[in-house]
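Peer 1: Have a look at this one.
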Amino acid sequence: MTLLEILSFGFIQRALLAGTLIALLCSVLGVFLVLRRLSLIGDGLAHVTFGSTAIALALKMYSSLSLLVSMPIVLLASLGILKLTEKGRLSGDAAIGLVSAFGISTGIILASVGGGYNVDLLSYLFGNILSISSEEVIIAAFLCLGVIVLLSLYYNELFAIAFSDELARVSGIRTLYINAVLVMLTALTVVLAMKLVGIMLISSMLIVPAASALQLARGFKVCIFLAAAQGCSSVVIGIIISILSNLPASATIVMVNLFFFVAAYLTRRIIYPKNSN
Amino acid sequence: MSGEIVVSTEHLTCSYREGRVLEDVRFEVERGDYVGIVGPNGSGKSTLVKSLLGLVDICHGSASLFGLPLADFSDWQKVGYLPQSLHLVNPVFPATVHETVGLGRLALKSFPKRMSKEDKLKIDETLYELSIYDLKAKLMGELSGGQLQRVLLARAIVNDPELLILDEPTAALDPETRERFYSMIADINRTRGVTVLLVTHDSGAIGKFASKMLYLDKKILFYGSFEEFCHSPEMSSLFGEHSQHLMCHRH
């Protein structure tokens with residue numbers, strides 16, 4: 001099968017479009033999350049998404065309808081993580097672990113009560129981007145547009161708190177509010193990305209492009225651009241390889257991302273040997 | 001405008017879980033003052049400046065900036081802040097010096113905070129002024145301690161603040177670089193008329209540059225000029241005459 005024949009399939013076109021949009025969001029948000037040392041929030045929120053999807057399935061709300069249940073729950077969980085960090089004398093990773101455990105255990109209990117681990121719920125563990133519907137592509141496009149607009153409006157505030165929360169506060173930036181914006185945008189993105197790579201691999205979409213960009217970027221904007229470029233191209237290359245080699249799309253996308261990371265790491269060691277440690 | 005009160009506290013008291021860190025602190029800083037805040041480890045120096053910046057909760061008493069109680073104060077563009085830098089800067093943070101200094105302009109902006117051409121010119125001008133224009137494209141992780149200090153100082157003054165608060169900015173610098181830094185702050189204080197509060201361990205060296213000294217050990221033990229500090233009987237009894245002489249001799 002040639003590349004053109006592959007690209008002529010509707011399900012491939014939908015996967016490429018939705019995948020690229022979601023990868024764009026994940027990689028841009030990932031830069032802020034990695035620098036804020038909140039990298040694993042994607043994992044935590046994905047586990048909550050698992051729990052909320054179990055609730056949606058228990059209510060007989062399938063496919064994109066399940067988003068109506070998942071989104072508010074995951075948004076609340078993201079704010080819960082922030083609140084626990086601020087008021088609960090917990091570090092960010094402990095708060096994420098706590099909310100994550102709650103989410104996944106809710107999902108397991110509901111799946112068990114609802115007649116065992118049903119196939120619909122388990123499909124969310126590893127995702128299946130090739131089964132994405134036109135409706136889900138439209139939802140992804142609108143949400144992507146919304147998140148990009150918000151990111152561009154708050155870009156400098158997000159940059160400032162990524163650099164230093166303390167300095168940002170003294171510059172009159174409402175850091176609690178901006179942190180809330182960041183985790184809520186992440187929550188929306190995670191709910192969308194779950195279909196793409198599934199719960200198990202979602203944090204790699206957030207972390208790996210940012211980690212690669214940090215190896216090479218000389219400037220904050222450049223870092224965001226590099227992360228976005230890697231995130232999007234990994235989805236395109238990953239989907240094509242998965243079709244040609246009959247491999248699972250989600251894991252292939254992650255492996256392409258990891259390949260880019262290794263290449264960026266080695267490039268940095270060659271170009272900037274003095275700064276390689 | 002001399003004589004205008006820029007900073008004032010009334011019975012300021014702060015506590016952490018370990019206990020009281022500041023007790024009944026009361027002082028005023030006039031426009032144009034260069035105040036060196038000194039004291040032993042754990043004496044509450046950093047807590048004092050952080051409480052003035054709203055970074056630490058005040059348990060009792062109050063603090064005011066430019067005549068306004070802290071809770072009502074919102075003109076943060078009037079304040080520049082330089083914390084202890086070495087623990088502040090993430091060595092892998094990908095921002096360039098130009099981008100980092102630009103963050104200091106955000107206090108002047110309303111939503112959505114966008115950088116204009118004028119901001120970029122002001123950033124360049126500040127980099128020139130502190131002789132670090134050649135570092136403009138460098139990453140923060142590539143700078144030496146002294147360069148980092150000057151970049152963060154540029155970030156603190158790029159919005160033309162009226163009050164500059166520095167919290168042990170020279171902790172990791174060698175004595176020569178430290179003195180150069182104090183002297184640079186004295187220049188900013190003199191030429192721009194910026195009021196300065198500088199926290200340091202270095203009671204002797206800061207005395208060369210500061211117009212006032214505040215000696216803190218949870219409570220204010222001394223607040224006045226360096227000359228008064230050198231002749232104060234309270235300080236003699238605290239340090240011993242020999243140590244006090246050594247400190248003042250450097251002046």
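Residues in the structure tokens are named by chain (A, B, ... in the order shown) and by number from 1 within that chain; ligands are numbered from 1 in the order shown.
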When the cut-off is 7 Å and we count only C-alpha atoms, which residues of chain A are near chain B, given as a VMD selection string?
Peer 2: chain A and resid 153 to 154 156 160 164 170 to 172 214 217 to 220 223
Peer 1: Within 9 Å of Ile240 of chain A, counting only C-alpha atoms, which residues show up once you throw out same-chain ones fewer than 6 positions away? Write them as a PDB file with C-alpha atoms, in the first residue's frame, please.
Peer 2:
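Output file selection.pdb follows:
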```pdb
ATOM      1  CA  LEU A   3       1.472   6.480   1.238  1.00  0.00           C
ATOM      2  CA  ILE A   6      -3.058   5.267   3.102  1.00  0.00           C
ATOM      3  CA  LEU A   7      -3.833   8.985   3.258  1.00  0.00           C
ATOM      4  CA  ILE A  12      -6.638   7.955   8.616  1.00  0.00           C
ATOM      5  CA  ALA A 249      -0.867   3.459  16.828  1.00  0.00           C
TER       6      ALA A 249
END
```
Peer 1: Give me, as a PyMOL selection string, the residues of segment 22-220 of chain B that a backbone DSSP run labels alpha helix (DSSP H).
Peer 2: chain B and resi 45-52+97-102+117-129+145-157+175-192+203-206
Peer 1: Have a look at B:Pro233, B:Glu162, B:Glu179, B:Glu227 and name the one nearest to Thr191 of chain B; count only C-alpha atoms.
Peer 2: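 Between B:Pro233, B:Glu162, B:Glu179, B:Glu227, the residue approaching Thr191 of chain B most closely is B:Glu162.
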Peer 1: When you draw a straight line from atom CA of Val236 of chain A to atom CA of Leu16 of chain A, how long is it in Å?
Peer 2: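 We find that atom CA of Val236 of chain A and atom CA of Leu16 of chain A lie 6.1 Å from each other.
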Peer 1: From a DSSP pass on the backbone, collect the residues of segment 108-251 of chain B flagged as strand (DSSP E) and hand them back as a VMD selection string.
Peer 2: chain B and resid 163 to 167 195 to 199 212 to 217 219 to 224
Peer 1: Write out as a count of residues only which residues come within 12 Å of Lys219 of chain B when counting only C-alpha atoms, dropping same-chain ones fewer than 6 positions away.
Peer 2: 20
Peer 1: Between atom CA of Glu86 of chain A and atom CA of Cys59 of chain B, what is the spacing in Å?
Peer 2: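 Taking atom CA of Cys59 of chain B as the start and atom CA of Glu86 of chain A as the end point, the length is 18.4 Å.
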Peer 1: Counting only C-alpha atoms, figure out which residue out of A:Ser250, A:Gln230, A:Ser64, A:Ser91 gets nearest to Leu25 of chain A.
Peer 2: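 Between A:Ser250, A:Gln230, A:Ser64, A:Ser91, the residue approaching Leu25 of chain A most closely is A:Gln230.
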Peer 1: What's the 6 Å shell around Ala228 of chain A, counting only C-alpha atoms, without same-chain residues fewer than 2 positions away, as a CSV table (one decimal) with C-alpha atoms, in the first residue's frame?
Peer 2:
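The result, stored in around32.csv:
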```csv
chain,number,residue,atom,x,y,z
A,24,LEU,CA,0.0,20.4,19.5
A,27,SER,CA,3.4,19.5,23.7
A,28,VAL,CA,2.8,23.2,24.3
A,225,PHE,CA,7.9,25.8,18.9
A,226,LEU,CA,10.3,22.7,18.9
A,230,GLN,CA,8.0,17.2,17.6
A,231,GLY,CA,4.6,16.4,19.0
```
Peer 1: Between atom CA of Asp165 of chain A and atom CA of Thr47 of chain B, what is the distance, to one decimal in Å?
Peer 2: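 So the answer is 16.7 Å.
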Peer 1: Choose the residue, out of B:Asp57, B:Arg150, B:Pro91, B:Ile132, that has the smallest atom-to-atom separation from Gln215 of chain A; count only C-alpha atoms.
Peer 2: B:Pro91
